[in-house]
Amino acid sequence: QIVALRDSKDPEFIEYLEQNEYLEQKKRKNLLEGIQLFSGLSVGDKDRLVAVMETAETTSDEDDPVVVRQGDKGDSMYIIEEGQFEVYKEDTGEILALLSPGQSFGELSLLYEEKRAASVRPTGSGKGKLLKISHADFEQAKADRRKNMQELVEGTMDYDEYFDKRRKIAALKKCRLFSKIDQDDFSRIVDAMVSIEVEPGEVVIR
C-alpha cells in the first residue's frame with residue numbers, strides 16, 4: 001500500500017485544507033448556536049468558544065465507556081456531534097434521558113465546576129463524537145472579551161486596533177500549527193503580530 005502526501009505548498013491542497021477547516025468550524029458553530037446556554041452570546045464570543053473546542057471520540061464497546069461519572073468533580077461540558085448517549089443514575093441504573101446530536105450535557109460543570117449529578121455513556125452501536133468545552137477555556141474566552149471591551153471604553157485601544165486584532169485572531173485560527181496551543185499563548189502571539197503591506201510581486205522572505 002502506498003500513501004502519497006501532496007506538496008504542502010500546492011495552492012489547491014492549501015485551499016482544500018482551508019475549505020475543510022472552514023466547514024468544520026461552521027458545523028461546530030451551528031451546534032453551539034443550538035445550545036440554550038450560548039444563545040445570548042455575540043458572534044465573536046461564539047467564535048472564541050469554537051476555537052477552543054476539543055474533539056473526543058468514544059464507543060460503547062470500550063471497557064469503561066462512561067464519559068462523565070456521577071459524583072466526580074466536573075470541569076467541562078460536552079456537545080454531541082455524532083452518536084447516541086444515555087444519562088443515568090450510577091447508584092440505581094435509572095435512565096434519565098437519551099441524547100442525540102445537537103444536544104449537550106455538563107452545563108453546570110462548565111459554569112460552576114459542580115460535581116456531576118449523573119453519569120453519561122454512549123449507547124447503541126457505532127462511535128460517538130463529542131465537542132468538549134472546559135471551564136478554564138470558557139472563563140478565558142469571557143476574560144478576553146471583557147479585556148478588549150474595557151480597553152475600548154478606557155481609550156487604550158481604538159476601534160481600528162480592536163478590529164485589526166479581531167482580523168489577526170481569525171487569521172491565526174486558520175493555521176493548524178497553532179490549533180492546539182493554550183489560550184494564554186494564543187493571546188500573546190496575537191499581541192505580538194504585526195501587519196505589513198506588500199505590493200503584488202514583492203518578495204516577502206528570501
# chains A, B, ... in the order shown; residues from 1 in each chain; ligands from 1

$ residues_around --residues "Leu49 in chain A" --least-positions-apart "6" --cutoff "9 Å" --atoms "only C-alpha atoms" --output "PyMOL selection string"
chain A and resi 29+32+133+137-138+141

$ write_last_selection --atoms "C-alpha atoms" --output "PDB file, in the first residue's frame"
ATOM      1  CA  LYS A  29     -20.660  26.980  15.345  1.00  0.00           C
ATOM      2  CA  LEU A  32     -23.055  25.847  19.528  1.00  0.00           C
ATOM      3  CA  ILE A 133     -15.518  22.947  26.269  1.00  0.00           C
ATOM      4  CA  ASP A 137     -11.333  27.828  28.312  1.00  0.00           C
ATOM      5  CA  PHE A 138     -14.849  29.198  28.856  1.00  0.00           C
ATOM      6  CA  ALA A 141     -12.924  33.412  26.421  1.00  0.00           C
TER       7      ALA A 141
END

$ residues_around --residues "Val66 in chain A" --least-positions-apart "6" --cutoff "8 Å" --atoms "only C-alpha atoms" --output "list in words"
Ser119, Val120, Arg121 and Pro122 of chain A

$ residues_around --residues "Asp72 in chain A" --least-positions-apart "2" --cutoff "6 Å" --atoms "only C-alpha atoms" --output "PyMOL selection string"
chain A and resi 69-70+115-116

$ write_last_selection --atoms "C-alpha atoms" --output "PDB file, in the first residue's frame"
ATOM      1  CA  ARG A  69     -19.393   9.788  36.103  1.00  0.00           C
ATOM      2  CA  GLN A  70     -21.861  10.774  38.815  1.00  0.00           C
ATOM      3  CA  LYS A 115     -19.948  17.559  40.914  1.00  0.00           C
ATOM      4  CA  ARG A 116     -21.604  15.510  38.202  1.00  0.00           C
TER       5      ARG A 116
END

$ closest_residue --among "A:Val190, A:Val204, A:Val52, A:Leu131" --to "Glu82 in chain A" --atoms "only C-alpha atoms"
A:Leu131

$ closest_residue --among "A:Val67, A:Leu37, A:Leu98, A:Ile205" --to "Glu86 in chain A" --atoms "only C-alpha atoms"
A:Leu98

$ residues_around --residues "Lys168 in chain A" --least-positions-apart "6" --cutoff "9 Å" --atoms "only C-alpha atoms" --output "JSON, numbers by chain"
{"A": [190, 191, 193, 194, 195]}

$ closest_residue --among "A:Met77, A:Ala51, A:Ala117, A:Leu99" --to "Gln140 in chain A" --atoms "only C-alpha atoms"
A:Ala51

$ closest_residue --among "A:Pro200, A:Pro65, A:Glu24, A:Gly74" --to "Lys174 in chain A" --atoms "only C-alpha atoms"
A:Glu24

$ residues_around --residues "Tyr78 in chain A" --least-positions-apart "6" --cutoff "8 Å" --atoms "only C-alpha atoms" --output "list in words"
Ser104, Phe105, Gly106, Glu107, Leu130, Leu131, Lys132 and Ile133 of chain A
